[in-house]
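Structure file work_4.txt with compact mmCIF, C-alpha atoms:
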```txt
# COMPACT_ATOMS: atom_id res chain seq x y z
CA MET A 38 69.79 71.23 59.19
CA ASN A 39 73.34 71.07 57.88
CA GLN A 40 75.99 68.61 59.08
CA GLU A 41 77.90 71.14 61.19
CA MET A 42 74.84 72.25 63.07
CA LEU A 43 73.81 68.66 63.65
CA GLU A 44 77.21 67.75 65.10
CA ILE A 45 77.21 70.78 67.39
CA LEU A 46 73.77 69.88 68.71
CA ILE A 47 74.66 66.21 69.14
CA GLY A 48 77.83 67.20 70.97
CA LYS A 49 75.94 69.49 73.32
CA TYR A 50 73.32 66.83 73.87
CA LEU A 51 75.92 64.18 74.71
CA ASP A 52 77.72 66.57 77.03
CA SER A 53 74.46 67.58 78.77
CA GLU A 54 74.92 71.19 77.71
CA ILE A 55 72.02 71.47 75.31
CA MET A 56 69.43 74.23 75.74
CA PRO A 57 65.66 73.47 75.49
CA ALA A 58 65.32 75.27 72.15
CA GLU A 59 68.30 73.38 70.75
CA GLN A 60 66.87 70.13 72.08
CA ARG A 61 63.64 70.74 70.17
CA LEU A 62 65.63 71.36 66.97
CA LEU A 63 67.62 68.18 67.48
CA ASP A 64 64.51 66.13 68.25
CA ALA A 65 62.89 67.36 65.05
CA GLU A 66 65.98 66.45 63.04
CA LEU A 67 66.35 63.02 64.62
CA SER A 68 62.71 62.14 64.11
CA GLY A 69 62.89 62.89 60.40
CA ASN A 70 66.39 61.71 59.51
CA PRO A 71 67.66 58.16 60.13
CA GLU A 72 71.22 59.20 59.19
CA SER A 73 71.25 61.70 62.02
CA ARG A 74 69.99 59.05 64.43
CA ARG A 75 72.79 56.75 63.35
CA LEU A 76 75.37 59.48 63.85
CA LEU A 77 74.00 60.19 67.31
CA GLN A 78 74.24 56.51 68.22
CA GLN A 79 77.81 56.28 67.00
CA TYR A 80 78.87 59.40 68.88
CA GLN A 81 77.13 58.10 71.98
CA GLN A 82 78.98 54.80 71.72
CA LEU A 83 82.25 56.61 71.16
CA ARG A 84 81.68 58.73 74.25
CA ASP A 85 80.94 55.69 76.44
CA GLN A 86 84.02 53.85 75.22
CA MET A 87 86.13 56.91 75.70
CA ARG A 88 84.98 57.29 79.28
CA ASP A 89 85.69 53.63 80.01
CA ALA A 90 89.13 53.83 78.47
CA PHE A 91 90.09 56.90 80.48
CA THR A 92 88.59 55.60 83.70
CA VAL A 93 90.42 52.29 83.53
CA GLY A 94 93.60 53.57 81.98
CA VAL A 95 94.12 56.83 83.83
CA VAL A 96 91.72 57.76 86.59
CA GLU A 97 91.86 54.50 88.51
CA THR A 98 95.53 53.94 87.88
CA GLY A 99 98.36 55.27 89.98
CA ARG A 100 98.49 56.68 93.48
CA SER A 101 95.77 58.67 95.17
CA ALA A 102 95.94 62.42 95.71
CA GLN A 103 96.44 61.94 99.43
CA GLU A 104 99.32 59.56 98.93
CA VAL A 105 101.09 61.79 96.41
CA PHE A 106 100.54 64.88 98.56
CA GLU A 107 101.93 63.23 101.68
CA THR A 108 104.98 62.00 99.78
CA ALA A 109 105.49 65.47 98.38
CA CYS A 110 105.29 66.99 101.86
CA ALA A 111 107.72 64.43 103.24
CA GLY A 112 110.07 64.82 100.32
CA GLY A 113 110.78 68.52 100.62
CA GLY A 114 107.49 70.32 100.14
CA ALA A 115 107.10 71.29 103.78
CA LYS A 116 110.71 72.37 103.96
CA GLY A 117 110.01 74.35 100.85
CA ILE A 118 107.32 76.35 102.63
CA ASN A 119 109.77 77.43 105.31
CA ARG A 120 112.49 78.12 102.78
CA THR A 121 110.08 80.18 100.72
CA GLY A 122 108.95 82.11 103.77
CA ARG A 123 112.51 82.84 104.81
CA PHE A 124 113.47 83.76 101.29
CA LEU A 125 110.50 86.10 100.97
CA GLY A 126 111.43 87.75 104.28
CA TRP A 127 114.98 88.38 103.11
CA LEU A 128 113.72 89.52 99.75
CA ARG A 129 111.41 92.09 101.36
CA PHE A 130 114.19 93.32 103.63
CA ALA A 131 116.63 93.67 100.74
CA ALA A 132 114.04 95.46 98.59
CA GLY A 133 113.31 97.91 101.42
CA LEU A 134 116.99 98.54 101.98
CA ALA A 135 117.61 99.13 98.29
CA ALA A 136 114.67 101.53 98.08
CA GLY A 137 115.97 103.44 101.12
CA VAL A 138 119.44 103.75 99.62
CA MET A 139 118.06 104.96 96.31
CA ILE A 140 115.84 107.58 97.98
CA GLY A 141 118.72 108.79 100.15
CA TRP A 142 121.07 108.98 97.20
CA GLY A 143 118.52 110.88 95.12
CA ALA A 144 117.87 113.34 97.94
CA TYR A 145 121.62 113.89 98.42
CA PHE A 146 122.13 114.79 94.76
CA ILE A 147 119.08 117.04 94.55
CA LEU A 148 120.00 119.02 97.64
CA SER A 149 123.70 119.21 96.87
CA ASP A 150 122.93 120.62 93.38
CA SER A 151 121.09 123.56 94.92
CA SER A 152 123.78 124.40 97.47
CA PRO A 153 125.78 127.67 97.00
CA SER A 154 129.06 125.84 96.44
CA ASN A 155 127.74 124.42 93.19
CA MET A 156 126.40 127.67 91.76
CA PRO A 157 128.12 128.48 88.47
CA ASN A 158 129.81 131.86 87.80
CA MET A 159 129.57 133.22 91.28
CA PRO A 160 131.01 136.72 91.47
CA ARG A 161 134.31 136.62 93.28
CA ARG A 162 134.92 140.37 93.56
CA SER A 163 132.86 142.94 95.38
CA PRO A 164 129.80 144.00 93.39
CA ALA A 165 129.19 147.55 92.28
CA VAL A 166 125.96 149.27 91.34
CA ILE A 167 125.03 152.41 89.49
CA VAL A 168 122.35 154.31 91.33
CA GLU A 169 120.33 157.10 89.85
CA GLN A 170 119.13 159.86 92.20
CA ASN A 171 117.67 163.19 91.10
CA GLY A 172 119.05 162.67 87.60
CA LYS A 173 122.55 162.08 88.96
CA LYS A 174 124.29 158.77 88.41
CA LEU A 175 126.33 157.39 91.24
CA LYS A 176 128.63 154.42 91.02
CA VAL A 177 128.70 152.71 94.30
CA ALA A 178 131.01 149.91 95.34
CA PHE A 179 130.53 148.06 98.55
CA PRO A 180 131.99 145.04 100.21
CA ARG A 181 130.53 141.72 99.40
CA ILE A 182 128.58 140.19 102.22
CA GLU A 183 129.09 136.48 102.36
CA PRO A 184 125.82 134.61 102.47
CA GLN A 185 125.00 133.11 105.80
CA ARG A 186 125.24 129.42 106.23
CA THR A 187 121.73 128.09 106.47
CA PRO A 188 120.30 124.62 106.87
CA SER A 189 120.37 122.72 103.60
CA ARG A 190 116.60 122.58 103.39
CA LEU A 191 116.51 126.42 103.15
CA ARG A 192 119.33 126.89 100.67
CA VAL A 193 117.17 126.44 97.65
CA VAL A 194 115.37 129.76 98.28
CA ARG A 195 118.54 131.80 98.90
CA ASN A 196 119.17 132.93 95.33
CA VAL A 197 119.32 136.60 96.25
CA ASP A 198 121.83 138.56 98.31
CA TRP A 199 120.84 141.79 100.00
CA TYR A 200 123.18 144.67 100.72
CA ASN A 201 122.72 147.82 102.78
CA PHE A 202 124.23 150.97 101.38
CA ALA A 203 124.39 154.55 102.66
CA ASP A 204 125.16 157.18 100.03
CA GLU A 205 127.01 160.52 100.50
CA SER A 206 123.83 162.42 101.29
CA GLY A 207 122.98 159.97 104.04
CA GLY A 208 120.25 158.07 102.14
CA GLU A 209 119.99 154.40 102.98
CA TRP A 210 119.67 151.87 100.17
CA LEU A 211 118.73 148.27 100.11
CA VAL A 212 120.41 146.63 97.12
CA GLU A 213 119.32 143.30 95.72
CA GLY A 214 122.10 141.30 94.10
CA TYR A 215 121.35 138.07 92.27
CA ARG A 216 123.71 135.17 92.41
CA GLU A 217 123.73 135.02 88.63
CA ASN A 218 125.72 138.27 88.69
CA THR A 219 122.78 140.48 87.75
CA VAL A 220 121.61 143.54 89.57
CA SER A 221 118.06 144.76 89.89
CA PRO A 222 117.09 148.44 90.26
CA ALA A 223 117.74 149.66 93.80
CA VAL A 224 114.93 150.66 96.09
CA TYR A 225 115.22 153.83 98.17
CA HIS A 226 114.34 153.35 101.82
CA GLY A 227 115.60 156.66 103.23
CA ASP A 228 112.10 157.99 103.78
CA LEU A 229 110.93 155.02 105.76
CA MET B 75 81.23 75.05 89.54
CA SER B 76 78.57 76.87 91.56
CA ARG B 77 79.15 80.17 93.32
CA THR B 78 79.15 78.45 96.72
CA GLU B 79 81.77 75.98 95.52
CA ILE B 80 83.91 78.84 94.22
CA LYS B 81 83.65 80.57 97.60
CA ASN B 82 84.54 77.36 99.41
CA GLU B 83 87.50 76.81 97.14
CA SER B 84 88.64 80.40 97.63
CA ALA B 85 88.42 79.94 101.40
CA LEU B 86 90.54 76.82 101.12
CA VAL B 87 93.06 78.69 99.00
CA ILE B 88 93.29 81.50 101.57
CA ALA B 89 93.83 78.98 104.36
CA ALA B 90 96.40 77.11 102.26
CA ARG B 91 98.26 80.34 101.56
CA GLN B 92 98.57 80.85 105.28
CA GLY B 93 100.20 77.46 105.63
CA ASP B 94 97.25 75.14 106.36
CA SER B 95 98.38 71.89 104.75
CA GLN B 96 95.01 70.17 105.26
CA SER B 97 93.28 72.84 103.17
CA LEU B 98 95.88 72.45 100.48
CA GLN B 99 95.42 68.70 100.49
CA ARG B 100 91.65 69.10 100.15
CA LEU B 101 92.14 71.51 97.28
CA LEU B 102 94.35 69.08 95.44
CA GLU B 103 92.00 66.18 96.09
CA LYS B 104 89.07 68.17 94.69
CA ASN B 105 90.99 68.97 91.52
CA TRP B 106 92.94 65.76 91.25
CA THR B 107 91.22 64.01 88.33
CA TRP B 108 91.43 66.82 85.82
CA LEU B 109 94.94 67.67 87.01
CA LYS B 110 95.93 64.10 86.34
CA GLY B 111 94.31 64.29 82.91
CA LEU B 112 96.19 67.45 82.06
CA VAL B 113 99.53 65.93 83.00
CA TYR B 114 98.64 62.70 81.25
CA ASN B 115 97.88 64.70 78.11
CA VAL B 116 101.44 66.04 78.13
CA LEU B 117 103.30 62.91 79.22
CA GLY B 118 101.23 59.98 78.02
CA ASP B 119 102.59 57.57 80.62
CA ILE B 120 100.63 56.98 83.78
CA HIS B 121 103.75 56.05 85.77
CA ASP B 122 105.46 59.26 84.76
CA VAL B 123 102.23 61.04 85.60
CA ASP B 124 102.47 59.96 89.23
CA ASP B 125 106.05 61.17 89.56
CA ALA B 126 105.29 64.42 87.77
CA LEU B 127 102.25 64.97 89.99
CA GLN B 128 104.45 64.58 93.03
CA GLU B 129 106.73 67.32 91.73
CA ILE B 130 103.71 69.45 90.96
CA CYS B 131 102.52 69.00 94.57
CA VAL B 132 105.90 70.23 95.82
CA LEU B 133 105.66 73.23 93.49
CA VAL B 134 102.12 73.99 94.65
CA ILE B 135 103.19 73.82 98.29
CA ARG B 136 106.03 76.23 97.60
CA LYS B 137 104.18 78.63 95.36
CA ILE B 138 100.70 78.81 96.87
CA PRO B 139 101.71 81.85 99.01
CA THR B 140 102.34 83.77 95.77
CA LEU B 141 98.83 83.18 94.39
CA ARG B 142 97.19 86.61 94.52
CA GLU B 143 93.65 85.79 93.36
CA PRO B 144 92.21 82.83 95.29
CA GLU B 145 89.25 82.55 92.92
CA ARG B 146 91.64 81.84 90.06
CA PHE B 147 93.21 78.83 91.72
CA ARG B 148 92.24 76.36 89.00
CA PRO B 149 93.73 78.22 86.02
CA TRP B 150 96.81 78.92 88.15
CA LEU B 151 97.11 75.24 88.99
CA ALA B 152 96.57 74.21 85.36
CA THR B 153 99.31 76.54 84.12
CA LEU B 154 101.71 75.40 86.80
CA ALA B 155 100.94 71.74 86.09
CA LYS B 156 101.36 72.07 82.34
CA ARG B 157 104.70 73.83 82.70
CA ALA B 158 105.90 71.29 85.22
CA ALA B 159 104.78 68.40 83.00
CA LEU B 160 106.56 69.88 80.00
CA ALA B 161 109.71 70.33 82.07
CA TRP B 162 109.38 66.76 83.27
CA ARG B 163 108.99 65.53 79.71
CA MET B 164 112.10 67.36 78.60
CA LYS B 165 114.02 66.07 81.60
CA GLN B 166 113.03 62.52 80.88
CA SER B 167 113.89 62.91 77.18
CA ARG B 168 111.18 60.57 76.14
CA GLN B 169 108.75 60.58 73.29
CA PRO B 170 105.98 63.02 74.14
CA ASN B 171 102.94 60.91 73.52
CA ARG B 172 102.55 57.19 73.98
CA LEU B 173 98.97 57.39 75.10
CA GLY B 174 97.73 54.45 73.07
CA GLU B 175 100.53 51.98 73.83
CA ILE B 176 100.72 52.53 77.54
CA THR B 177 97.04 52.56 78.14
CA ALA B 178 96.58 49.47 76.05
CA ALA B 179 98.97 47.64 78.37
CA GLN B 180 97.02 48.81 81.38
CA LEU B 181 93.73 47.94 79.78
CA SER B 182 94.73 44.29 79.60
CA ASP B 183 93.73 44.02 83.26
CA THR B 184 90.11 45.02 82.64
CA GLY B 185 87.49 42.47 83.52
CA ALA B 186 85.77 41.29 80.36
CA ASP B 187 83.62 38.19 80.22
CA SER B 188 85.66 36.23 77.77
CA LEU B 189 89.07 36.45 76.20
CA CYS B 190 87.54 37.36 72.86
CA ASP B 191 85.45 40.11 74.36
CA LYS B 192 88.43 41.34 76.26
CA ALA B 193 90.65 41.36 73.19
CA ALA B 194 87.99 43.08 71.10
CA GLN B 195 87.37 45.64 73.79
CA ASN B 196 91.08 46.33 74.21
CA GLU B 197 91.49 46.65 70.50
CA GLN B 198 88.69 49.15 70.32
CA TYR B 199 90.09 51.10 73.27
CA GLN B 200 93.47 51.13 71.61
CA ARG B 201 92.03 52.46 68.40
CA ILE B 202 90.16 55.17 70.24
CA LEU B 203 93.15 56.18 72.33
CA GLU B 204 95.36 56.16 69.28
CA ALA B 205 92.88 58.53 67.62
CA VAL B 206 93.00 60.74 70.72
CA ARG B 207 96.79 60.65 70.70
CA LEU B 208 96.84 61.93 67.14
CA LEU B 209 94.65 64.92 67.91
CA PRO B 210 96.35 68.31 67.91
CA GLU B 211 97.30 69.20 71.49
CA LYS B 212 94.73 71.93 72.08
CA TYR B 213 91.91 69.60 71.01
CA ARG B 214 93.31 66.69 72.94
CA GLU B 215 93.53 68.50 76.26
CA VAL B 216 89.92 69.66 76.04
CA PHE B 217 88.83 66.18 75.07
CA ILE B 218 90.71 64.48 77.90
CA LEU B 219 89.37 66.94 80.48
CA LYS B 220 85.85 66.30 79.24
CA TYR B 221 86.01 62.54 79.23
CA MET B 222 88.16 61.96 82.28
CA GLU B 223 85.99 63.80 84.72
CA ASP B 224 82.94 64.86 82.70
CA LEU B 225 83.61 68.50 83.50
CA SER B 226 81.15 71.08 82.26
CA TYR B 227 82.12 73.39 79.41
CA ALA B 228 82.32 76.25 81.92
CA ASP B 229 84.71 74.33 84.17
CA ILE B 230 86.97 73.39 81.26
CA ALA B 231 86.91 77.00 80.08
CA GLU B 232 87.91 78.19 83.56
CA ILE B 233 90.74 75.69 83.91
CA LEU B 234 92.21 76.34 80.48
CA ASP B 235 91.45 80.05 80.56
CA ILE B 236 89.52 79.99 77.29
CA THR B 237 85.91 80.79 76.39
CA VAL B 238 83.03 78.34 76.66
CA THR B 239 82.43 78.68 72.92
CA THR B 240 86.04 77.69 72.24
CA VAL B 241 85.61 74.63 74.42
CA GLN B 242 82.43 73.68 72.58
CA ILE B 243 84.02 74.12 69.15
CA ARG B 244 87.16 72.20 70.09
CA LEU B 245 85.11 69.32 71.43
CA VAL B 246 82.97 69.13 68.31
CA ARG B 247 86.05 69.18 66.08
CA ALA B 248 87.93 66.68 68.22
CA ARG B 249 84.96 64.34 68.22
CA ARG B 250 84.65 64.58 64.47
CA MET B 251 88.38 63.98 63.93
CA ILE B 252 88.26 60.87 66.10
CA TYR B 253 85.12 59.67 64.41
CA ASN B 254 86.63 60.23 60.95
CA ARG B 255 89.77 58.38 61.94
CA LEU B 256 87.84 55.42 63.32
CA THR B 257 85.56 55.23 60.31
CA GLY B 258 88.39 55.60 57.81
CA LYS B 259 87.45 59.03 56.53
CA PRO B 260 90.19 61.53 55.61
CA THR B 261 91.45 63.42 58.65
CA ASP B 262 94.33 65.43 57.27
CA LYS B 263 92.93 68.78 58.22
CA VAL B 264 91.16 70.10 61.28
CA PRO B 265 87.51 70.10 60.23
CA ARG B 266 85.61 73.36 60.16
CA THR B 267 82.44 73.79 62.15
```

What's the structure tokens form of this structure?
Amino acid sequence: MNQEMLEILIGKYLDSEIMPAEQRLLDAELSGNPESRRLLQQYQQLRDQMRDAFTVGVVETGRSAQEVFETACAGGGAKGINRTGRFLGWLRFAAGLAAGVMIGWGAYFILSDSSPSNMPNMPRRSPAVIVEQNGKKLKVAFPRIEPQRTPSRLRVVRNVDWYNFADESGGEWLVEGYRENTVSPAVYHGDL
Amino acid sequence: MSRTEIKNESALVIAARQGDSQSLQRLLEKNWTWLKGLVYNVLGDIHDVDDALQEICVLVIRKIPTLREPERFRPWLATLAKRAALAWRMKQSRQPNRLGEITAAQLSDTGADSLCDKAAQNEQYQRILEAVRLLPEKYREVFILKYMEDLSYADIAEILDITVTTVQIRLVRARRMIYNRLTGKPTDKVPRT
């Protein structure tokens, strides 16, 4: 057995952490090697002296836990509990308030971005469409219908304006006009 | 620490978090010796240790409601105590370690049979404590925890938040360093195991 292994086993033995298999190894080494026995004795002596020194010098010196705890409580610890509790209460309230403000602010910006007043390049003049019927092209102008005011939660889906149009032959047309100033092919509803 | 003890300690922590001062006192009493050792390791003066422990108690009382995992009370307490002790040491602006000198003065009160025995014993204690004082900090704290309260490797590992193997290795190395110092062997480097 090498020196390192011996010291590990002696250490575990002295600290009552040795396993049975390790104990057998150590016993075999100690029985055949007087140097190892001497090292064990010296480490054992060192451990005992160490314990005595710490017991006398540290453990049994100074005030008891109870005494220190009571002094700590009297000297501001108990007040500290209340202060901490109050502080935590205020902290929670402030955090909740801040979160509410942030959510409200975010919602305001999201909804206001989708409102008609913020749409870029809105057509200001009345739209016109070219309608093809029986191979004949008709240019039709009609008054712009202002979009109805709707609750803000519905505005996001109102990206299309619809116009009714009656041509010269009496046909009725439903015209779809996009806000982005584009026009889709008209749909003939006269037969309906 | 057995599973039942851990459960009991966790129950005490839960009660203490809810403001039960008796539970908190019991918790501190149960962990007092190693806590004292940990602070002593940082400060080296038993009188400072008492004052620092009082501050640590105040901190524990204030901060126990913030402890989320009751079963990790001991590592939480150890971290809090070490930080508080370091802050105390900086505040006091003293030399960090005077373990040997201070304890030697206290050891003069020990009851030995004769003056010679007493002097020899004190001298030996001084030499040992001086050797402990000169250990690198991480070895010293493990060593003090072991020999102040005879904690198991598992308990030391839990308190310091390190592995059991690390505890075992540090103890072996610390023991060898102290032994080498006391027997006059070279101790410049941390020995390898």

message: Measuring between all atoms listed in the file, which one of B:Ile138, B:Gly93, B:Leu219, B:Glu129 shows the shortest distance to Val95 in chain A?
response: B:Leu219

- prompt: Could you list, as a PyMOL selection string, every residue of chain A that has an atom within 10 Å of an atom of chain B, counting all atoms listed in the file?
  reply: chain A and resi 40-42+44-49+52-54+76+79-80+83-122+125

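With distances restricted to all atoms listed in the file, B:Leu109 is the closest residue to Leu151 in chain B from B:Val216, B:Leu109, B:Glu211, B:Met164.
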
field: Test item: residues at most 10 Å from Ala152 in chain B, all atoms listed in the file, excluding those fewer than 6 positions along its chain, as a ChimeraX atom specification
entry: /B:105,108-109,112-113,158,232-235

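Taking CA of Glu59 in chain A and CA of Arg75 in chain A as the two end points, the separation is 18.7 Å.
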
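Residues within 9 Å of Ala85 in chain B, counting all atoms listed in the file and excluding same-chain residues fewer than 4 positions away, are Ile80, Lys81, Ala89, Ala90, Ser97, Pro144 and Glu145 of chain B.
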
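If you look at CA of Leu208 in chain B and CA of Asn39 in chain A, they are 26.9 Å away from each other.
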
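Atom to atom, CA of Tyr213 in chain B and CA of Asp229 in chain B stand 15.7 Å apart.
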
Non-local contacts of Asn201 in chain A (8 Å; only C-alpha atoms; under 2 positions in same chain excluded) as a ChimeraX atom specification: /A:199,203,209-212
